[in-house]
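Okay, so here's the structure we're looking at.
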Amino acid sequence: MRVRALFAALLLLAAGVQSAEAQGFRVYKSDGTVAQFSLRSDSIVFYDGIGSDQDFGPFTPVNEPIVGQWYRSKSEWITFNADGTTSGWDNAWGQGLNGDFVYRFFPYQGNVVVYERETDKPVFYLHLLEVRSDRLVMASSGMEAQSLVVLTRTVPPQLVTSIYLNSYSFTLESNQSKQIVANVFPSDADNLTLAWESTNTAVAEVDADGMVTAKAEGSSNIICRATDGSNVYAECLVTVQNVDDSGSIDGHQYVDLQLPSGTLWATLNIGATAAQDAGSYFAWGETQPKEEYTKATYKFYDNATGTFTKYNFRYGSPGEDLEPADDAATVNWGSNWQMPTMEQFGELVDSRYTSLSWLTMSNKKVLRVMSKSNGNAIYLPLAGFYNRTACSFFGSEGEYWSRTAGTDLYINQEGAGIAHDTYYFGMPVRPVRKQQ
């Protein structure tokens, strides 16, 4: 009796497996083999290592609510057909899968299995986690990292995915304005309206169209934000340098930092058009830039005799001050300007009178030297120096000639101080107003 009952059970099991396979339903184990199982009206019973006599279900057969077209976005759609076939995958998935693969839907298994077309080997599957009349939730697994995919019956809103700005940092003077242009992707997003804001309206304001107006010295982040709930945004750093009422002379602006000596500092290096620009490079005592900075090309060196023809170049001593005819500031900007002395540089970076901070202007590192008395500031770029025909340490160091022989202001991101350097190196010059 027991043998007869067992034989009958085996017949039923074989019939169940045959029926399942005949309907095209397969379940794969981790080793790639097909699991043995039988179908019930709303579940599957596995018999060989996947749960072992445990019921898994309920499983929805191919009928409502699965059959039909589903959407990930406006242009991404998937169709489940009543016969277990699918369409639309090549346009919808973004998993790097293309015409080399075949997609099949197994309703009792609850999976869409992706096969390699040439070998018919399963390489990827998508498991149905949630089935509603208006929503499917699937988990992708296999060769890619697991992730959730939500499908809806109707076309879902197309949210903004990214915002790109035409500028991510720039510098303005007080009361100047600049337009920031934003490009939104995708261009067919349902809501392309953007919101603009400034993190420091005392420094810079921005209107609803991205027009930035500088108000006062300092920095502010301008944020351009999507308003469709996507939380996508982009930022631009705006730095405002205060060219105050100190004025200009001979067409060159200067700033009063209220230093004890009364020195008025130019806002730009010689040859520069913006505060972050290096401008021209000069050997000490020369008044024009050149292509090669060596001892042999130095104006005050006699190659024939191997001697210097002017000034005291003893290393480590202050030496002499430049005469007006050899002062790059005086020759290039006029008699109202001159190169700073070693003492003036020392005063400029003295923590009793100024504070130092680092900014990025148009992708260039600059040292901001701000007065502790009135908040006015000048900006010194990390322009490096020329030795022979190459510029060294641009963006990491800055050297500025004084008019005292062999001395310069040396700056890097650790601080600033006075240095003694090789007189034929090419360095920028930041002029000062000649004191009367």
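Ordering of the structure tokens sets the chain letters (A, B, ...); residue numbers start at 1 within each chain; ligands are numbered from 1 in the order shown.
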Strand (DSSP E) call set, DSSP backbone run, region 151-348 of chain A, as a PyMOL selection string = chain A and resi 151-152+162-165+169-173+177-179+182-185+194-198+204-206+211-214+218-226+233-241+248-249+252-256+264-266+301-302+307-308+337-338
Distance table requested - region 254-364 of chain A against region 385-391 of chain A, cut-off 7 Å, only C-alpha atoms: one row per qualifying residue with the closest atom pair and its distance in Å to one decimal, ordered by chain and rising residue number, as JSON lines.
```
{"residue": "A:Glu291", "atom": "CA", "partner": "A:Thr389", "partner_atom": "CA", "distance": 6.1}
{"residue": "A:Glu292", "atom": "CA", "partner": "A:Thr389", "partner_atom": "CA", "distance": 4.8}
{"residue": "A:Tyr293", "atom": "CA", "partner": "A:Arg388", "partner_atom": "CA", "distance": 4.4}
{"residue": "A:Thr294", "atom": "CA", "partner": "A:Arg388", "partner_atom": "CA", "distance": 5.4}
```
Atom pair CA of Leu367 (chain A) + CA of Leu382 (chain A), distance 7.4 Å
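Note that the spacing between CA of Ala283 (chain A) and CA of Ala329 (chain A) amounts to 12.6 Å.
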Would you mind listing what lies within 10 Å of Glu217 (chain A) as a ChimeraX atom specification, with only C-alpha atoms counted and same-chain residues fewer than 4 positions away left out?
-> /A:172-174,202-204,239-244,370,375-377
Selection from above, all heavy atoms, as a CSV table (one decimal), in the first residue's frame, can you write it?
```
chain,number,residue,atom,x,y,z
A,172,LEU,N,33.5,89.8,-9.4
A,172,LEU,CA,32.9,91.1,-9.8
A,172,LEU,C,33.4,92.2,-8.8
A,172,LEU,O,33.8,91.9,-7.7
A,172,LEU,CB,31.3,91.0,-9.6
A,172,LEU,CG,30.6,90.1,-10.6
A,172,LEU,CD1,29.1,90.1,-10.2
A,172,LEU,CD2,30.8,90.5,-12.0
A,173,GLU,N,33.3,93.4,-9.3
A,173,GLU,CA,33.5,94.6,-8.5
A,173,GLU,C,32.1,95.1,-8.0
A,173,GLU,O,31.1,94.7,-8.6
A,173,GLU,CB,34.2,95.7,-9.2
A,173,GLU,CG,35.6,95.3,-9.7
A,173,GLU,CD,36.3,96.4,-10.5
A,173,GLU,OE1,35.6,97.4,-10.7
A,173,GLU,OE2,37.4,96.1,-10.9
A,174,SER,N,32.1,95.8,-6.9
A,174,SER,CA,30.8,96.3,-6.4
A,174,SER,C,30.0,97.0,-7.4
A,174,SER,O,30.5,97.8,-8.3
A,174,SER,CB,31.1,97.3,-5.2
A,174,SER,OG,31.8,96.7,-4.2
A,202,ALA,N,24.0,90.0,1.2
A,202,ALA,CA,24.8,91.2,1.5
A,202,ALA,C,25.9,91.4,0.5
A,202,ALA,O,26.4,92.5,0.3
A,202,ALA,CB,25.2,91.2,2.9
A,203,VAL,N,26.4,90.3,0.0
A,203,VAL,CA,27.6,90.3,-0.9
A,203,VAL,C,27.1,90.3,-2.4
A,203,VAL,O,27.6,91.1,-3.2
A,203,VAL,CB,28.5,89.1,-0.7
A,203,VAL,CG1,29.5,89.0,-1.8
A,203,VAL,CG2,29.2,89.2,0.7
A,204,ALA,N,26.1,89.5,-2.7
A,204,ALA,CA,25.6,89.4,-4.1
A,204,ALA,C,24.2,89.0,-4.1
A,204,ALA,O,23.8,88.1,-3.3
A,204,ALA,CB,26.5,88.4,-4.9
A,239,THR,N,32.7,86.0,-6.2
A,239,THR,CA,33.6,86.8,-5.3
A,239,THR,C,33.5,88.2,-5.7
A,239,THR,O,33.7,88.6,-6.9
A,239,THR,CB,35.1,86.3,-5.4
A,239,THR,OG1,35.1,84.9,-5.0
A,239,THR,CG2,35.9,87.1,-4.4
A,240,VAL,N,33.3,89.1,-4.7
A,240,VAL,CA,33.2,90.5,-5.0
A,240,VAL,C,34.4,91.2,-4.3
A,240,VAL,O,34.6,91.0,-3.1
A,240,VAL,CB,31.9,91.1,-4.4
A,240,VAL,CG1,31.8,92.6,-4.6
A,240,VAL,CG2,30.7,90.4,-4.9
A,241,GLN,N,35.2,91.8,-5.2
A,241,GLN,CA,36.3,92.6,-4.7
A,241,GLN,C,36.0,94.1,-4.6
A,241,GLN,O,35.4,94.6,-5.6
A,241,GLN,CB,37.6,92.3,-5.5
A,241,GLN,CG,37.4,92.7,-7.0
A,241,GLN,CD,38.6,92.4,-7.8
A,241,GLN,OE1,39.3,91.5,-7.5
A,241,GLN,NE2,38.9,93.2,-8.8
A,242,ASN,N,36.2,94.7,-3.5
A,242,ASN,CA,35.8,96.0,-3.3
A,242,ASN,C,36.8,97.0,-3.8
A,242,ASN,O,37.8,97.4,-3.1
A,242,ASN,CB,35.5,96.2,-1.8
A,242,ASN,CG,34.9,97.6,-1.5
A,242,ASN,OD1,34.5,98.3,-2.5
A,242,ASN,ND2,34.9,98.0,-0.3
A,243,VAL,N,36.7,97.5,-5.1
A,243,VAL,CA,37.5,98.6,-5.5
A,243,VAL,C,36.8,99.9,-5.0
A,243,VAL,O,35.8,100.3,-5.6
A,243,VAL,CB,37.5,98.6,-7.1
A,243,VAL,CG1,38.4,99.8,-7.6
A,243,VAL,CG2,38.2,97.3,-7.6
A,244,ASP,N,37.3,100.3,-3.9
A,244,ASP,CA,36.5,101.3,-3.1
A,244,ASP,C,36.8,102.7,-3.7
A,244,ASP,O,37.3,102.9,-4.8
A,244,ASP,CB,36.9,101.2,-1.6
A,244,ASP,CG,38.3,101.7,-1.4
A,244,ASP,OD1,39.1,101.7,-2.3
A,244,ASP,OD2,38.5,102.2,-0.2
A,370,MET,N,43.2,91.4,3.3
A,370,MET,CA,42.1,92.3,3.7
A,370,MET,C,42.5,93.1,4.9
A,370,MET,O,43.0,92.6,5.9
A,370,MET,CB,40.8,91.4,4.1
A,370,MET,CG,39.6,92.3,4.5
A,370,MET,SD,38.2,91.3,4.9
A,370,MET,CE,37.8,90.7,3.3
A,375,GLY,N,38.2,96.8,5.9
A,375,GLY,CA,37.6,95.7,5.1
A,375,GLY,C,38.0,95.8,3.6
A,375,GLY,O,37.6,94.9,2.9
A,376,ASN,N,38.8,96.8,3.2
A,376,ASN,CA,39.2,96.8,1.8
A,376,ASN,C,40.3,95.7,1.6
A,376,ASN,O,40.9,95.2,2.5
A,376,ASN,CB,39.8,98.1,1.4
A,376,ASN,CG,38.8,99.2,1.3
A,376,ASN,OD1,37.6,99.0,1.2
A,376,ASN,ND2,39.2,100.5,1.5
A,377,ALA,N,40.4,95.2,0.3
A,377,ALA,CA,41.3,94.1,0.1
A,377,ALA,C,42.0,94.2,-1.3
A,377,ALA,O,41.5,94.9,-2.2
A,377,ALA,CB,40.5,92.8,0.2
```
Closest-contact table, region 302-369 of chain A side, partner region 256-278 of chain A, 10 Å, counting only C-alpha atoms, as JSON lines:
```
{"residue": "A:Ala328", "atom": "CA", "partner": "A:Ile270", "partner_atom": "CA", "distance": 8.3}
{"residue": "A:Ala329", "atom": "CA", "partner": "A:Ile270", "partner_atom": "CA", "distance": 7.2}
{"residue": "A:Asn332", "atom": "CA", "partner": "A:Ile270", "partner_atom": "CA", "distance": 7.7}
{"residue": "A:Trp333", "atom": "CA", "partner": "A:Ile270", "partner_atom": "CA", "distance": 8.1}
{"residue": "A:Trp337", "atom": "CA", "partner": "A:Ala266", "partner_atom": "CA", "distance": 9.0}
{"residue": "A:Pro340", "atom": "CA", "partner": "A:Trp265", "partner_atom": "CA", "distance": 8.9}
{"residue": "A:Glu343", "atom": "CA", "partner": "A:Ser261", "partner_atom": "CA", "distance": 9.6}
{"residue": "A:Gln344", "atom": "CA", "partner": "A:Thr263", "partner_atom": "CA", "distance": 7.4}
{"residue": "A:Glu347", "atom": "CA", "partner": "A:Leu259", "partner_atom": "CA", "distance": 7.5}
{"residue": "A:Leu348", "atom": "CA", "partner": "A:Leu259", "partner_atom": "CA", "distance": 7.7}
{"residue": "A:Asp350", "atom": "CA", "partner": "A:Leu259", "partner_atom": "CA", "distance": 9.8}
{"residue": "A:Arg352", "atom": "CA", "partner": "A:Leu259", "partner_atom": "CA", "distance": 9.8}
{"residue": "A:Tyr353", "atom": "CA", "partner": "A:Leu259", "partner_atom": "CA", "distance": 6.6}
{"residue": "A:Thr354", "atom": "CA", "partner": "A:Leu257", "partner_atom": "CA", "distance": 8.3}
{"residue": "A:Leu359", "atom": "CA", "partner": "A:Gln276", "partner_atom": "CA", "distance": 9.7}
{"residue": "A:Thr360", "atom": "CA", "partner": "A:Gln276", "partner_atom": "CA", "distance": 8.5}
{"residue": "A:Met361", "atom": "CA", "partner": "A:Gln276", "partner_atom": "CA", "distance": 6.1}
{"residue": "A:Ser362", "atom": "CA", "partner": "A:Gln276", "partner_atom": "CA", "distance": 7.5}
{"residue": "A:Asn363", "atom": "CA", "partner": "A:Gln276", "partner_atom": "CA", "distance": 9.0}
{"residue": "A:Lys364", "atom": "CA", "partner": "A:Gln276", "partner_atom": "CA", "distance": 6.4}
{"residue": "A:Lys365", "atom": "CA", "partner": "A:Gln276", "partner_atom": "CA", "distance": 7.5}
{"residue": "A:Val366", "atom": "CA", "partner": "A:Gln276", "partner_atom": "CA", "distance": 6.3}
{"residue": "A:Leu367", "atom": "CA", "partner": "A:Gln276", "partner_atom": "CA", "distance": 9.3}
{"residue": "A:Val369", "atom": "CA", "partner": "A:Leu257", "partner_atom": "CA", "distance": 9.2}
```
Next, write the just-selected residues to a file, as a compact mmCIF listing (two decimals), in the first residue's frame, keeping N, CA, C and O atoms as the atom set.
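Wrote it out as result21.txt, contents follow:
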```txt
# COMPACT_ATOMS: atom_id res chain seq x y z
N ALA A 328 60.06 98.80 -12.78
CA ALA A 328 59.06 98.39 -13.77
C ALA A 328 57.75 99.13 -13.60
O ALA A 328 57.06 99.44 -14.58
N ALA A 329 57.37 99.44 -12.35
CA ALA A 329 56.12 100.15 -12.11
C ALA A 329 56.20 101.58 -12.63
O ALA A 329 55.28 102.07 -13.29
N ASN A 332 56.41 101.59 -16.59
CA ASN A 332 55.21 101.11 -17.30
C ASN A 332 53.95 101.89 -16.92
O ASN A 332 53.05 102.03 -17.75
N TRP A 333 53.85 102.40 -15.69
CA TRP A 333 52.62 103.06 -15.25
C TRP A 333 52.78 104.56 -15.02
O TRP A 333 51.78 105.24 -14.83
N TRP A 337 53.77 105.91 -9.74
CA TRP A 337 53.78 104.52 -9.28
C TRP A 337 55.22 104.03 -9.11
O TRP A 337 56.11 104.50 -9.79
N PRO A 340 57.00 98.17 -4.62
CA PRO A 340 57.03 98.31 -3.17
C PRO A 340 58.40 97.95 -2.60
O PRO A 340 59.17 97.19 -3.18
N GLU A 343 60.00 96.71 3.21
CA GLU A 343 59.24 97.11 4.40
C GLU A 343 57.74 97.20 4.09
O GLU A 343 56.91 96.84 4.94
N GLN A 344 57.40 97.70 2.91
CA GLN A 344 55.99 97.79 2.55
C GLN A 344 55.35 96.41 2.39
O GLN A 344 54.21 96.20 2.77
N GLU A 347 54.74 95.05 5.90
CA GLU A 347 53.56 95.66 6.49
C GLU A 347 52.29 95.07 5.90
O GLU A 347 51.29 94.85 6.61
N LEU A 348 52.31 94.77 4.58
CA LEU A 348 51.11 94.27 3.90
C LEU A 348 50.63 92.95 4.49
O LEU A 348 49.42 92.71 4.60
N ASP A 350 51.42 91.79 7.58
CA ASP A 350 51.52 91.82 9.03
C ASP A 350 50.13 91.55 9.63
O ASP A 350 49.17 92.28 9.35
N ARG A 352 48.85 92.20 12.31
CA ARG A 352 48.27 93.28 13.10
C ARG A 352 47.39 94.19 12.24
O ARG A 352 46.47 94.84 12.75
N TYR A 353 47.66 94.20 10.93
CA TYR A 353 46.97 95.15 10.07
C TYR A 353 46.05 94.49 9.03
O TYR A 353 45.08 95.10 8.59
N THR A 354 46.38 93.25 8.65
CA THR A 354 45.59 92.59 7.60
C THR A 354 45.33 91.14 7.98
O THR A 354 46.02 90.56 8.82
N LEU A 359 41.23 82.22 -1.92
CA LEU A 359 40.02 82.13 -2.75
C LEU A 359 40.39 81.54 -4.10
O LEU A 359 41.57 81.50 -4.48
N THR A 360 39.38 81.09 -4.82
CA THR A 360 39.55 80.67 -6.21
C THR A 360 38.75 81.61 -7.09
O THR A 360 37.54 81.75 -6.93
N MET A 361 39.44 82.29 -8.01
CA MET A 361 38.80 83.21 -8.95
C MET A 361 39.04 82.69 -10.36
O MET A 361 40.19 82.57 -10.79
N SER A 362 37.97 82.37 -11.06
CA SER A 362 38.09 81.85 -12.42
C SER A 362 39.11 80.72 -12.49
O SER A 362 39.99 80.68 -13.34
N ASN A 363 38.98 79.79 -11.52
CA ASN A 363 39.81 78.59 -11.44
C ASN A 363 41.28 78.89 -11.13
O ASN A 363 42.14 78.04 -11.37
N LYS A 364 41.58 80.06 -10.59
CA LYS A 364 42.94 80.41 -10.21
C LYS A 364 43.00 80.73 -8.72
O LYS A 364 42.15 81.45 -8.20
N LYS A 365 44.01 80.18 -8.04
CA LYS A 365 44.17 80.43 -6.62
C LYS A 365 44.74 81.83 -6.38
O LYS A 365 45.70 82.23 -7.03
N VAL A 366 44.12 82.57 -5.45
CA VAL A 366 44.61 83.90 -5.12
C VAL A 366 44.64 84.06 -3.60
O VAL A 366 43.87 83.43 -2.87
N LEU A 367 45.56 84.91 -3.14
CA LEU A 367 45.63 85.30 -1.73
C LEU A 367 44.89 86.62 -1.57
O LEU A 367 45.22 87.61 -2.21
N VAL A 369 44.25 89.72 0.69
CA VAL A 369 44.83 90.47 1.80
C VAL A 369 43.82 91.54 2.18
O VAL A 369 43.60 92.50 1.44
```
